[in-house]
Amino acid sequence: MIEQYVLHLHDVDETQGAVVGGKGAHLGGLSRIEGIRVPAGFCVTTDAFRRIMAEAPSIDDRLDQLSRLNLDDRETIRALSAEIRRTIEELAIPDDLAAAIARAVAQLGEQAAYAVRSSATAEDLPTASFAGQQDTYLNVVGPASILQHVSRCWASLFTERAVTYRQRNGIDHRVVHMAVVVQQMVFPHAAGIVFTADPVTGNRKVATVEASFGLGEALVSGLVNPDVFKVRDDGIVAKTIAAKQRAVHALPAGGTQEVTIDPQRQEQPALTDAQVVRLVQLGRRIEAHFGRPQDIEWCLVDDGFQIVQSRPITTLFPIPAAHDAENRVYLSVGHQQMMTDPMKPLGISVWQLTAMAPMHEAGGRLFVDATRRLASPASRAGFLEMAGRSDPLTRDALETVLDRDDFVPSLPDAGPGGPPASGAPTPIETDPAIVTELIERSQASIAALRRDIRTKTGPALLDFLLEAFQEHKRVLSDPLSMQAITAGMEATWWLNDQLHEWLGEKNAADTLTLSAPNNVTSEMGLALLDVADVIRPHPQVVEFLQGVEDDRFLDELPKLAGGTEARDAIEAYLDRYGMRCVGEIDITRPRWSERPSTLVPLILDNVRNFEPGAAGRRFEQGRQKAQKKEQDVLERLRALPDGEQKADETKRMIDRVRTFIGYREYPKYGIIGRYFVYKQALLEEAERLVQANVLPEKEDIFYLTFPELHDVVRSNRVDDQLIQQRKDAFRSYQALTPPRVLTSDGEAVTGAYRRDDVPAGALIGLPVSAGTIEGRARVILDMAEADLEAGDILVTAYTDPSWSPLFVAITGLVTEVGGLMTHGAVIAREYGLPAVVGVVDATRLIRDGQRIRVHGTDGYVEILS
């Protein structure tokens, strides 16, 4: 293969990123769009970079060292990066390569001034922009100076910030190569950026233009505040004209300098309104060419725009695909399910196939389309009430959208607006036998699934699973189950509302539900205390568990004194609860049974922090507290006017909530139990595909949808490229934060707490479990890294049922996501932990180890130190 060191921009397009880097490929693509002017130039290709790197074998050793470094080792990263840069800059450019660059410069004009710009192969990607990671040099004059700055661009692949960025994004330093773009300089009257989607709200129909005088460097480097214009439908909808005191201008002999702008010009707009609209029209043309919203750098020269860069905006949350152009309002499923991380394609697909409502995927997350419920006046009020009880931020976000009168048009009440708010399940008797029957039904259904799936393999297994998903939905939609869940929730709300009105009690139900029977999630936390009781008397086992690093430790335990009893206790726990894990709605996540080492830190915390018999004592203490609260409330009610009637009604509701509220956790337990059966069968099938050389590794099935996997099993053929694309996409989705509410315009609507009853500086959230507690904040994002002391307060992003074993060791809870009836809230009430959920950015605003005070009754958190 003949190496090609130089390519002119007009010979390049966006498919050639491997040859000319992301920036060069985009500029080549831009130069081919009709009506778009791009300064003339050429690319020094990645072949040239590889040639240079081969001249210095010592760089390889340093790259090896870099790849082994921890991100926290900033000093060594800085030193190694500097060594590599110095080596590259000191290398003599081979004669044939220097001659190729000189010829390209001569064709464009040796006396002209040039911009010399880095263009890495992992740059301006749809999933990672790498903006500002490598260097650009402006107003470079003369062939010798251009060669010197090409060397500097090559070296800039190894700036400390670029190296750290790659390590953080899991990108191997060796697979990234550096091309260099050399372009004729333009000397603009004004320059800036146009975003073809609003970079703050995500709205794809609103473009944002930032503009300042002189070269765009003043804006990019933060030297000036730019003018900002927002444009929608060819009209400016908002503008802010800044006082632009400084600008960057080119010097005649090369280089740039800062200059002071004449005071009379400082507050003049850098662009006229007509120029802003024309610029956005050019931006829309570029966006259409590349097929996604763009971040575009522009220069204004003699009333004409020249485009000097365009890259995808990588921070926007994707929009669910729709079959028409109607306005839509989507609600995040993850905020309801306490799982806001991205899901792999098989996880999304199986959840869609087993869910009770249509669900739409975007950014690795699931959303439901709430438009029709909001459009019908008959269902709107009830829907907003339900959303508000669950999460006030979601309700506020929905109301923000509804306040824009034209976005969600009202349907006539007879329209297909979904069930009206009054369509709640028919009430049932307060009878504990109902819960017993429902649990037995669920257990029988899972036992039948386990029995029937054993004999199925190949296409027959996938066919069987499609039938199993229908049974799954039938179990989920069991009217009796829905009635029991609704009964517990409505009794809770009734108690809170009525006892607040009659007695001035806030959240009285929180105490009245302590140690409610049949709560499988709270039982799971207490059962791990019992496991600790078995292990605590055996010092050899405790010491061994402190050094556990992999999941084979259960096989080693019987070699120790007391180890057989310890293994049996852990395995019995896994038999009952091993299908659970963090993010369990994604079938692809590793379960505790598959990764039992996850539980070891929790067991050791329990061994250290508790005395024997703690589980039974805690449950009994909770039961007695609830009983005492009941007696207290009923006595106080009887002293009121119509007191006997109020007390009788309240007693009925207390009995009802204690009968049914524990069952609220059971359907999810059943779902996850079924998921584990599905997963085990699918992984066995994947193992057969590996043996048949269809797949390199069995976990590759996680990157296929269920129908795609069905096709692979039938045909014994797989698209390796598709799996790799899905892996790359999944990695990119991890950097995105899903919004509670998302519109079809792409706007992420966050919602706000409309409250003025909290102290200044307090973090506001939703009160879900009463009481006030002070303690040390433990900010934990991965349950396996828990290291709790008695009295700690857990601060985390979200808690699904798998977190409940931690709840026994803490005194309070703060989460970023959650609602009144989500699992973390239910278990916090069960254990009597003051809890505030829905605290935006809690894990960023509260530092690990700070003292905080959690106001679980009033819904806010104070940072004390």
# chains A, B, ... in the order shown; residues from 1 in each chain; ligands from 1
>>> select_by_dssp(residues="segment 298-483 of chain A", states="alpha helix (DSSP H)", output="compact mmCIF listing (two decimals) with N, CA, C and O atoms, in the first residue's frame")
# COMPACT_ATOMS: atom_id res chain seq x y z
N GLY A 334 -37.11 5.01 33.92
CA GLY A 334 -36.03 4.79 34.89
C GLY A 334 -36.25 5.52 36.19
O GLY A 334 -35.90 5.02 37.26
N HIS A 335 -36.88 6.72 36.14
CA HIS A 335 -37.14 7.46 37.37
C HIS A 335 -38.23 6.80 38.19
O HIS A 335 -38.29 6.99 39.41
N GLN A 336 -39.11 6.02 37.55
CA GLN A 336 -40.12 5.27 38.29
C GLN A 336 -39.54 3.97 38.83
O GLN A 336 -39.91 3.51 39.90
N GLN A 337 -38.64 3.37 38.07
CA GLN A 337 -38.09 2.05 38.42
C GLN A 337 -36.78 2.13 39.21
O GLN A 337 -36.17 1.11 39.50
N PRO A 345 -29.16 -3.49 24.90
CA PRO A 345 -30.30 -3.75 24.00
C PRO A 345 -31.18 -4.94 24.40
O PRO A 345 -32.41 -4.85 24.30
N LEU A 346 -30.58 -6.05 24.86
CA LEU A 346 -31.43 -7.19 25.25
C LEU A 346 -32.28 -6.83 26.47
O LEU A 346 -33.45 -7.21 26.56
N GLY A 347 -31.68 -6.06 27.40
CA GLY A 347 -32.43 -5.63 28.58
C GLY A 347 -33.61 -4.76 28.21
O GLY A 347 -34.72 -4.93 28.72
N ILE A 348 -33.37 -3.81 27.30
CA ILE A 348 -34.46 -2.93 26.85
C ILE A 348 -35.54 -3.74 26.17
O ILE A 348 -36.74 -3.59 26.44
N SER A 349 -35.11 -4.66 25.28
CA SER A 349 -36.06 -5.43 24.48
C SER A 349 -36.93 -6.33 25.36
O SER A 349 -38.16 -6.40 25.18
N VAL A 350 -36.33 -7.02 26.34
CA VAL A 350 -37.11 -7.91 27.21
C VAL A 350 -38.06 -7.09 28.09
O VAL A 350 -39.21 -7.48 28.30
N TRP A 351 -37.61 -5.93 28.58
CA TRP A 351 -38.52 -5.09 29.38
C TRP A 351 -39.70 -4.63 28.52
O TRP A 351 -40.86 -4.65 28.95
N GLN A 352 -39.43 -4.25 27.27
CA GLN A 352 -40.52 -3.82 26.37
C GLN A 352 -41.51 -4.96 26.13
O GLN A 352 -42.72 -4.75 26.10
N LEU A 353 -40.98 -6.18 25.97
CA LEU A 353 -41.84 -7.33 25.66
C LEU A 353 -42.64 -7.80 26.88
O LEU A 353 -43.61 -8.54 26.72
N THR A 354 -42.24 -7.39 28.08
CA THR A 354 -42.94 -7.86 29.29
C THR A 354 -43.66 -6.73 30.02
O THR A 354 -44.28 -6.95 31.05
N THR A 371 -48.53 11.69 26.10
CA THR A 371 -49.21 12.80 25.41
C THR A 371 -50.72 12.68 25.49
O THR A 371 -51.42 13.66 25.81
N ARG A 372 -51.26 11.50 25.19
CA ARG A 372 -52.72 11.37 25.16
C ARG A 372 -53.33 11.53 26.55
O ARG A 372 -54.41 12.11 26.70
N ARG A 373 -52.64 11.02 27.56
CA ARG A 373 -53.16 11.19 28.93
C ARG A 373 -53.22 12.66 29.31
O ARG A 373 -54.11 13.10 30.03
N LEU A 374 -52.24 13.43 28.82
CA LEU A 374 -52.19 14.86 29.13
C LEU A 374 -53.15 15.66 28.25
O LEU A 374 -53.64 16.72 28.64
N ALA A 375 -53.43 15.14 27.05
CA ALA A 375 -54.28 15.88 26.10
C ALA A 375 -55.76 15.80 26.47
O ALA A 375 -56.53 16.69 26.14
N PRO A 377 -58.72 16.19 28.94
CA PRO A 377 -59.04 16.79 30.24
C PRO A 377 -59.54 15.77 31.26
O PRO A 377 -59.30 15.91 32.45
N ALA A 378 -60.19 14.70 30.79
CA ALA A 378 -60.73 13.69 31.70
C ALA A 378 -59.62 12.94 32.43
O ALA A 378 -59.76 12.58 33.60
N SER A 379 -58.50 12.70 31.74
CA SER A 379 -57.43 11.93 32.39
C SER A 379 -56.31 12.81 32.91
O SER A 379 -55.51 12.37 33.73
N ARG A 380 -56.24 14.07 32.45
CA ARG A 380 -55.09 14.92 32.76
C ARG A 380 -54.94 15.16 34.27
O ARG A 380 -53.86 14.97 34.83
N ALA A 381 -56.02 15.56 34.93
CA ALA A 381 -55.93 15.92 36.35
C ALA A 381 -55.47 14.73 37.18
O ALA A 381 -54.57 14.85 38.03
N GLY A 382 -56.07 13.56 36.94
CA GLY A 382 -55.69 12.36 37.69
C GLY A 382 -54.25 11.96 37.41
O GLY A 382 -53.53 11.52 38.31
N PHE A 383 -53.83 12.12 36.15
CA PHE A 383 -52.46 11.75 35.77
C PHE A 383 -51.45 12.66 36.47
O PHE A 383 -50.44 12.20 37.00
N LEU A 384 -51.75 13.98 36.49
CA LEU A 384 -50.85 14.93 37.16
C LEU A 384 -50.82 14.66 38.67
O LEU A 384 -49.76 14.75 39.31
N GLU A 385 -51.98 14.33 39.24
CA GLU A 385 -52.04 14.03 40.68
C GLU A 385 -51.17 12.81 40.99
O GLU A 385 -50.38 12.81 41.95
N MET A 386 -51.28 11.76 40.16
CA MET A 386 -50.49 10.54 40.37
C MET A 386 -48.99 10.86 40.22
O MET A 386 -48.17 10.43 41.03
N ALA A 387 -48.65 11.63 39.18
CA ALA A 387 -47.23 11.99 38.95
C ALA A 387 -46.69 12.79 40.13
O ALA A 387 -45.56 12.58 40.58
N GLY A 388 -47.51 13.72 40.65
CA GLY A 388 -47.07 14.57 41.75
C GLY A 388 -46.87 13.81 43.04
O GLY A 388 -45.94 14.09 43.80
N ARG A 389 -47.75 12.84 43.30
CA ARG A 389 -47.57 12.02 44.52
C ARG A 389 -46.28 11.22 44.42
O ARG A 389 -45.59 11.01 45.40
N SER A 390 -45.99 10.74 43.22
CA SER A 390 -44.78 9.94 43.03
C SER A 390 -43.53 10.82 43.07
O SER A 390 -42.55 10.50 43.73
N PRO A 392 -42.72 15.18 42.74
CA PRO A 392 -43.15 16.55 42.44
C PRO A 392 -42.39 17.18 41.27
O PRO A 392 -42.95 18.01 40.55
N LEU A 393 -41.13 16.80 41.05
CA LEU A 393 -40.37 17.37 39.94
C LEU A 393 -40.97 16.96 38.60
O LEU A 393 -41.01 17.75 37.65
N THR A 394 -41.43 15.70 38.52
CA THR A 394 -42.06 15.24 37.28
C THR A 394 -43.35 16.01 37.03
O THR A 394 -43.62 16.46 35.91
N ARG A 395 -44.17 16.20 38.08
CA ARG A 395 -45.41 16.95 37.90
C ARG A 395 -45.11 18.38 37.44
O ARG A 395 -45.75 18.89 36.52
N ASP A 396 -44.13 19.01 38.07
CA ASP A 396 -43.81 20.38 37.71
C ASP A 396 -43.32 20.46 36.26
O ASP A 396 -43.68 21.39 35.52
N ALA A 397 -42.51 19.48 35.85
CA ALA A 397 -42.02 19.46 34.46
C ALA A 397 -43.20 19.30 33.49
O ALA A 397 -43.25 19.98 32.45
N LEU A 398 -44.15 18.42 33.81
CA LEU A 398 -45.32 18.23 32.95
C LEU A 398 -46.15 19.51 32.87
O LEU A 398 -46.62 19.90 31.79
N GLU A 399 -46.32 20.18 34.01
CA GLU A 399 -47.10 21.42 34.01
C GLU A 399 -46.39 22.52 33.23
O GLU A 399 -47.04 23.34 32.57
N THR A 400 -45.06 22.52 33.26
CA THR A 400 -44.29 23.48 32.47
C THR A 400 -44.60 23.31 30.99
O THR A 400 -44.78 24.28 30.25
N VAL A 401 -44.66 22.05 30.54
CA VAL A 401 -44.97 21.78 29.13
C VAL A 401 -46.42 22.15 28.82
O VAL A 401 -46.71 22.78 27.79
N LEU A 402 -47.34 21.82 29.73
CA LEU A 402 -48.76 22.11 29.50
C LEU A 402 -49.02 23.62 29.47
O LEU A 402 -49.96 24.08 28.81
N PRO A 432 -55.84 -10.64 55.13
CA PRO A 432 -54.46 -11.10 54.90
C PRO A 432 -54.38 -12.34 54.00
O PRO A 432 -53.35 -12.56 53.34
N ALA A 433 -55.45 -13.13 53.94
CA ALA A 433 -55.44 -14.33 53.09
C ALA A 433 -55.28 -13.98 51.62
O ALA A 433 -54.77 -14.78 50.82
N ILE A 434 -55.72 -12.76 51.24
CA ILE A 434 -55.57 -12.33 49.83
C ILE A 434 -54.09 -12.26 49.47
O ILE A 434 -53.66 -12.73 48.41
N VAL A 435 -53.28 -11.67 50.38
CA VAL A 435 -51.85 -11.54 50.11
C VAL A 435 -51.20 -12.92 50.06
O VAL A 435 -50.38 -13.21 49.17
N THR A 436 -51.58 -13.78 50.99
CA THR A 436 -51.03 -15.15 50.99
C THR A 436 -51.31 -15.84 49.66
O THR A 436 -50.43 -16.46 49.05
N GLU A 437 -52.56 -15.69 49.18
CA GLU A 437 -52.95 -16.33 47.91
C GLU A 437 -52.14 -15.76 46.74
O GLU A 437 -51.67 -16.50 45.86
N LEU A 438 -51.96 -14.44 46.71
CA LEU A 438 -51.22 -13.81 45.61
C LEU A 438 -49.77 -14.28 45.58
O LEU A 438 -49.21 -14.55 44.51
N ILE A 439 -49.15 -14.39 46.76
CA ILE A 439 -47.76 -14.85 46.82
C ILE A 439 -47.66 -16.29 46.34
O ILE A 439 -46.76 -16.65 45.57
N GLU A 440 -48.62 -17.12 46.75
CA GLU A 440 -48.62 -18.53 46.31
C GLU A 440 -48.79 -18.63 44.80
O GLU A 440 -48.13 -19.44 44.13
N ARG A 441 -49.67 -17.80 44.24
CA ARG A 441 -49.88 -17.79 42.77
C ARG A 441 -48.57 -17.46 42.06
O ARG A 441 -48.21 -18.08 41.06
N SER A 442 -47.86 -16.44 42.56
CA SER A 442 -46.61 -16.01 41.92
C SER A 442 -45.57 -17.13 42.00
O SER A 442 -44.91 -17.44 41.00
N GLN A 443 -45.45 -17.73 43.16
CA GLN A 443 -44.46 -18.80 43.33
C GLN A 443 -44.77 -19.99 42.41
O GLN A 443 -43.87 -20.58 41.81
N ALA A 444 -46.06 -20.32 42.28
CA ALA A 444 -46.45 -21.45 41.42
C ALA A 444 -46.14 -21.14 39.96
O ALA A 444 -45.68 -22.02 39.20
N SER A 445 -46.35 -19.88 39.55
CA SER A 445 -46.09 -19.51 38.16
C SER A 445 -44.60 -19.61 37.84
O SER A 445 -44.22 -20.11 36.78
N ILE A 446 -43.75 -19.18 38.78
CA ILE A 446 -42.29 -19.25 38.54
C ILE A 446 -41.82 -20.70 38.57
O ILE A 446 -40.96 -21.10 37.76
N ALA A 447 -42.39 -21.51 39.45
CA ALA A 447 -42.02 -22.94 39.50
C ALA A 447 -42.37 -23.62 38.18
O ALA A 447 -41.59 -24.43 37.64
N ALA A 448 -43.54 -23.27 37.61
CA ALA A 448 -43.95 -23.86 36.32
C ALA A 448 -43.01 -23.40 35.21
O ALA A 448 -42.63 -24.19 34.33
N LEU A 449 -42.61 -22.14 35.25
CA LEU A 449 -41.67 -21.61 34.26
C LEU A 449 -40.35 -22.39 34.33
O LEU A 449 -39.83 -22.83 33.30
N ARG A 450 -39.82 -22.57 35.55
CA ARG A 450 -38.55 -23.31 35.70
C ARG A 450 -38.67 -24.73 35.16
O ARG A 450 -37.75 -25.23 34.49
N ARG A 451 -39.79 -25.36 35.46
CA ARG A 451 -39.99 -26.75 35.03
C ARG A 451 -40.08 -26.84 33.50
O ARG A 451 -39.44 -27.69 32.88
N ASP A 452 -40.85 -25.93 32.89
CA ASP A 452 -41.15 -26.06 31.46
C ASP A 452 -39.99 -25.60 30.57
O ASP A 452 -39.89 -26.04 29.42
N ILE A 453 -39.12 -24.72 31.08
CA ILE A 453 -38.05 -24.17 30.23
C ILE A 453 -36.87 -25.13 30.12
O ILE A 453 -36.09 -25.03 29.18
N GLY A 458 -32.42 -23.91 21.37
CA GLY A 458 -32.51 -23.45 19.99
C GLY A 458 -33.74 -22.58 19.75
O GLY A 458 -34.25 -21.93 20.68
N PRO A 459 -34.23 -22.54 18.51
CA PRO A 459 -35.40 -21.70 18.20
C PRO A 459 -36.60 -22.00 19.11
O PRO A 459 -37.38 -21.10 19.43
N ALA A 460 -36.72 -23.27 19.54
CA ALA A 460 -37.86 -23.63 20.40
C ALA A 460 -37.80 -22.88 21.73
O ALA A 460 -38.85 -22.52 22.29
N LEU A 461 -36.60 -22.62 22.23
CA LEU A 461 -36.46 -21.87 23.48
C LEU A 461 -36.97 -20.44 23.30
O LEU A 461 -37.72 -19.92 24.12
N LEU A 462 -36.55 -19.80 22.19
CA LEU A 462 -36.97 -18.41 21.96
C LEU A 462 -38.49 -18.33 21.73
O LEU A 462 -39.15 -17.40 22.21
N ASP A 463 -39.04 -19.33 21.02
CA ASP A 463 -40.50 -19.39 20.84
C ASP A 463 -41.19 -19.54 22.20
O ASP A 463 -42.19 -18.87 22.48
N PHE A 464 -40.64 -20.43 23.03
CA PHE A 464 -41.22 -20.66 24.37
C PHE A 464 -41.18 -19.37 25.20
O PHE A 464 -42.14 -19.04 25.90
N LEU A 465 -40.06 -18.63 25.10
CA LEU A 465 -39.95 -17.40 25.89
C LEU A 465 -40.98 -16.36 25.47
O LEU A 465 -41.52 -15.64 26.32
N LEU A 466 -41.29 -16.30 24.19
CA LEU A 466 -42.33 -15.35 23.76
C LEU A 466 -43.67 -15.69 24.43
O LEU A 466 -44.42 -14.80 24.82
N GLU A 467 -43.96 -16.99 24.57
CA GLU A 467 -45.18 -17.39 25.30
C GLU A 467 -45.04 -17.06 26.79
O GLU A 467 -45.99 -16.60 27.43
N ALA A 468 -43.83 -17.29 27.34
CA ALA A 468 -43.60 -17.00 28.77
C ALA A 468 -43.79 -15.51 29.06
O ALA A 468 -44.27 -15.13 30.13
N PHE A 469 -43.41 -14.66 28.09
CA PHE A 469 -43.60 -13.22 28.29
C PHE A 469 -45.09 -12.87 28.39
O PHE A 469 -45.46 -11.95 29.12
N GLN A 470 -45.92 -13.59 27.66
CA GLN A 470 -47.38 -13.35 27.76
C GLN A 470 -47.89 -13.75 29.15
O GLN A 470 -48.71 -13.05 29.75
N GLU A 471 -47.40 -14.90 29.66
CA GLU A 471 -47.77 -15.32 31.02
C GLU A 471 -47.27 -14.29 32.04
O GLU A 471 -47.95 -13.95 33.01
N HIS A 472 -46.07 -13.77 31.81
CA HIS A 472 -45.47 -12.74 32.66
C HIS A 472 -46.42 -11.53 32.74
O HIS A 472 -46.71 -11.03 33.83
N LYS A 473 -46.92 -11.10 31.60
CA LYS A 473 -47.83 -9.94 31.57
C LYS A 473 -49.17 -10.28 32.24
O LYS A 473 -49.78 -9.43 32.90
N ARG A 474 -49.60 -11.53 32.07
CA ARG A 474 -50.86 -11.93 32.71
C ARG A 474 -50.73 -11.86 34.23
O ARG A 474 -51.61 -11.36 34.94
N VAL A 475 -49.59 -12.35 34.76
CA VAL A 475 -49.34 -12.31 36.21
C VAL A 475 -49.29 -10.86 36.68
O VAL A 475 -49.87 -10.49 37.71
N LEU A 476 -48.59 -10.02 35.91
CA LEU A 476 -48.45 -8.60 36.28
C LEU A 476 -49.79 -7.89 36.33
O LEU A 476 -50.00 -7.00 37.15
N PRO A 479 -55.90 -8.76 38.25
CA PRO A 479 -56.71 -7.71 38.88
C PRO A 479 -56.61 -7.71 40.41
O PRO A 479 -56.57 -6.65 41.04
N LEU A 480 -56.53 -8.91 41.02
CA LEU A 480 -56.46 -8.99 42.47
C LEU A 480 -55.15 -8.37 42.98
O LEU A 480 -55.13 -7.66 44.00
N SER A 481 -54.06 -8.61 42.23
CA SER A 481 -52.77 -8.03 42.60
C SER A 481 -52.82 -6.51 42.52
O SER A 481 -52.36 -5.80 43.42
N MET A 482 -53.41 -6.00 41.44
CA MET A 482 -53.53 -4.54 41.28
C MET A 482 -54.37 -3.95 42.42
O MET A 482 -54.04 -2.88 42.95
N GLN A 483 -55.43 -4.64 42.80
CA GLN A 483 -56.30 -4.15 43.88
C GLN A 483 -55.53 -4.09 45.20
O GLN A 483 -55.67 -3.14 45.97
>>> residues_around(residues="Asn139 of chain A", least_positions_apart="4", cutoff="12 Å", atoms="only C-alpha atoms", output="list in words")
Gln111, Ala112, Ala113, Tyr114, Ala115, Val116, Arg117, Ser145, Ile146, His149, Val182, Gln183, Gln184, Met185, Val186, Phe187, Leu215, Glu217, Val248, His249, Ala250, Leu251, Pro252, Ala253, Gly254, Gly255, Thr256 and Gln257 of chain A
>>> residues_around(residues="Asn518 of chain A", least_positions_apart="6", cutoff="9 Å", atoms="only C-alpha atoms", output="PyMOL selection string")
chain A and resi 435-436+659-663+665-666
>>> residues_around(residues="segment 775-781 of chain A", least_positions_apart="6", cutoff="6 Å", atoms="only C-alpha atoms", output="ChimeraX atom specification")
/A:792-796,848-852
>>> write_last_selection(atoms="all heavy atoms", output="short mmCIF file (atom, residue, chain, number, x, y, z; two decimals), in the first residue's frame")
data_model
loop_
_atom_site.label_atom_id
_atom_site.label_comp_id
_atom_site.auth_asym_id
_atom_site.auth_seq_id
_atom_site.Cartn_x
_atom_site.Cartn_y
_atom_site.Cartn_z
N ASP A 792 -24.17 6.12 60.08
CA ASP A 792 -23.97 6.75 58.77
C ASP A 792 -25.29 7.02 58.06
O ASP A 792 -26.29 6.30 58.25
CB ASP A 792 -23.10 5.87 57.87
CG ASP A 792 -21.62 5.96 58.22
OD1 ASP A 792 -21.26 6.84 59.03
OD2 ASP A 792 -20.84 5.16 57.69
N ILE A 793 -25.27 8.05 57.20
CA ILE A 793 -26.41 8.37 56.35
C ILE A 793 -26.01 8.07 54.91
O ILE A 793 -24.98 8.58 54.43
CB ILE A 793 -26.82 9.85 56.50
CG1 ILE A 793 -27.30 10.12 57.93
CG2 ILE A 793 -27.89 10.24 55.49
CD1 ILE A 793 -27.46 11.60 58.26
N LEU A 794 -26.77 7.24 54.23
CA LEU A 794 -26.46 6.85 52.85
C LEU A 794 -26.92 7.95 51.89
O LEU A 794 -28.07 8.38 51.91
CB LEU A 794 -27.16 5.53 52.51
CG LEU A 794 -27.07 5.06 51.05
CD1 LEU A 794 -25.63 4.79 50.65
CD2 LEU A 794 -27.92 3.80 50.83
N VAL A 795 -25.99 8.40 51.03
CA VAL A 795 -26.30 9.36 49.97
C VAL A 795 -25.93 8.68 48.65
O VAL A 795 -24.78 8.28 48.46
CB VAL A 795 -25.49 10.67 50.13
CG1 VAL A 795 -25.82 11.65 49.00
CG2 VAL A 795 -25.74 11.30 51.49
N THR A 796 -26.92 8.53 47.75
CA THR A 796 -26.64 7.84 46.49
C THR A 796 -27.57 8.35 45.41
O THR A 796 -28.46 9.17 45.66
CB THR A 796 -26.77 6.31 46.68
OG1 THR A 796 -26.27 5.66 45.50
CG2 THR A 796 -28.20 5.88 46.94
N ASP A 848 -18.52 13.05 50.51
CA ASP A 848 -18.39 11.90 51.40
C ASP A 848 -17.70 12.33 52.69
O ASP A 848 -16.66 13.00 52.66
CB ASP A 848 -17.56 10.81 50.70
CG ASP A 848 -17.54 9.52 51.48
OD1 ASP A 848 -18.63 9.05 51.85
OD2 ASP A 848 -16.44 8.99 51.73
N GLY A 849 -18.29 11.98 53.82
CA GLY A 849 -17.69 12.30 55.12
C GLY A 849 -18.22 13.58 55.76
O GLY A 849 -17.97 13.82 56.94
N GLN A 850 -18.94 14.42 55.01
CA GLN A 850 -19.52 15.63 55.62
C GLN A 850 -20.61 15.25 56.62
O GLN A 850 -21.27 14.21 56.47
CB GLN A 850 -20.15 16.52 54.53
CG GLN A 850 -19.15 17.33 53.74
CD GLN A 850 -19.86 18.28 52.78
OE1 GLN A 850 -20.73 17.88 52.02
NE2 GLN A 850 -19.46 19.55 52.80
N ARG A 851 -20.80 16.11 57.63
CA ARG A 851 -21.95 15.92 58.53
C ARG A 851 -23.16 16.60 57.91
O ARG A 851 -23.09 17.75 57.46
CB ARG A 851 -21.67 16.51 59.92
CG ARG A 851 -20.79 15.62 60.77
CD ARG A 851 -20.83 15.97 62.23
NE ARG A 851 -22.09 15.65 62.89
CZ ARG A 851 -22.46 14.42 63.25
NH1 ARG A 851 -21.70 13.38 62.97
NH2 ARG A 851 -23.61 14.23 63.86
N ILE A 852 -24.27 15.87 57.88
CA ILE A 852 -25.50 16.42 57.32
C ILE A 852 -26.66 16.14 58.26
O ILE A 852 -26.58 15.27 59.14
CB ILE A 852 -25.81 15.84 55.92
CG1 ILE A 852 -26.02 14.31 55.97
CG2 ILE A 852 -24.73 16.21 54.92
CD1 ILE A 852 -26.50 13.71 54.64
#
>>> closest_atom_pairs(of="segment 785-846 of chain A", to="segment 737-755 of chain A", cutoff="12 Å", atoms="only C-alpha atoms", output="CSV")
residue,atom,partner,partner_atom,distance
A:Ala797,CA,A:Thr737,CA,11.5
A:Glu816,CA,A:Arg740,CA,11.7
A:Val817,CA,A:Arg740,CA,9.5
A:Gly818,CA,A:Arg740,CA,11.0
A:Gly838,CA,A:Tyr753,CA,9.9
A:Val839,CA,A:Tyr753,CA,9.9
A:Val840,CA,A:Ala752,CA,9.5
A:Asp841,CA,A:Thr737,CA,11.1
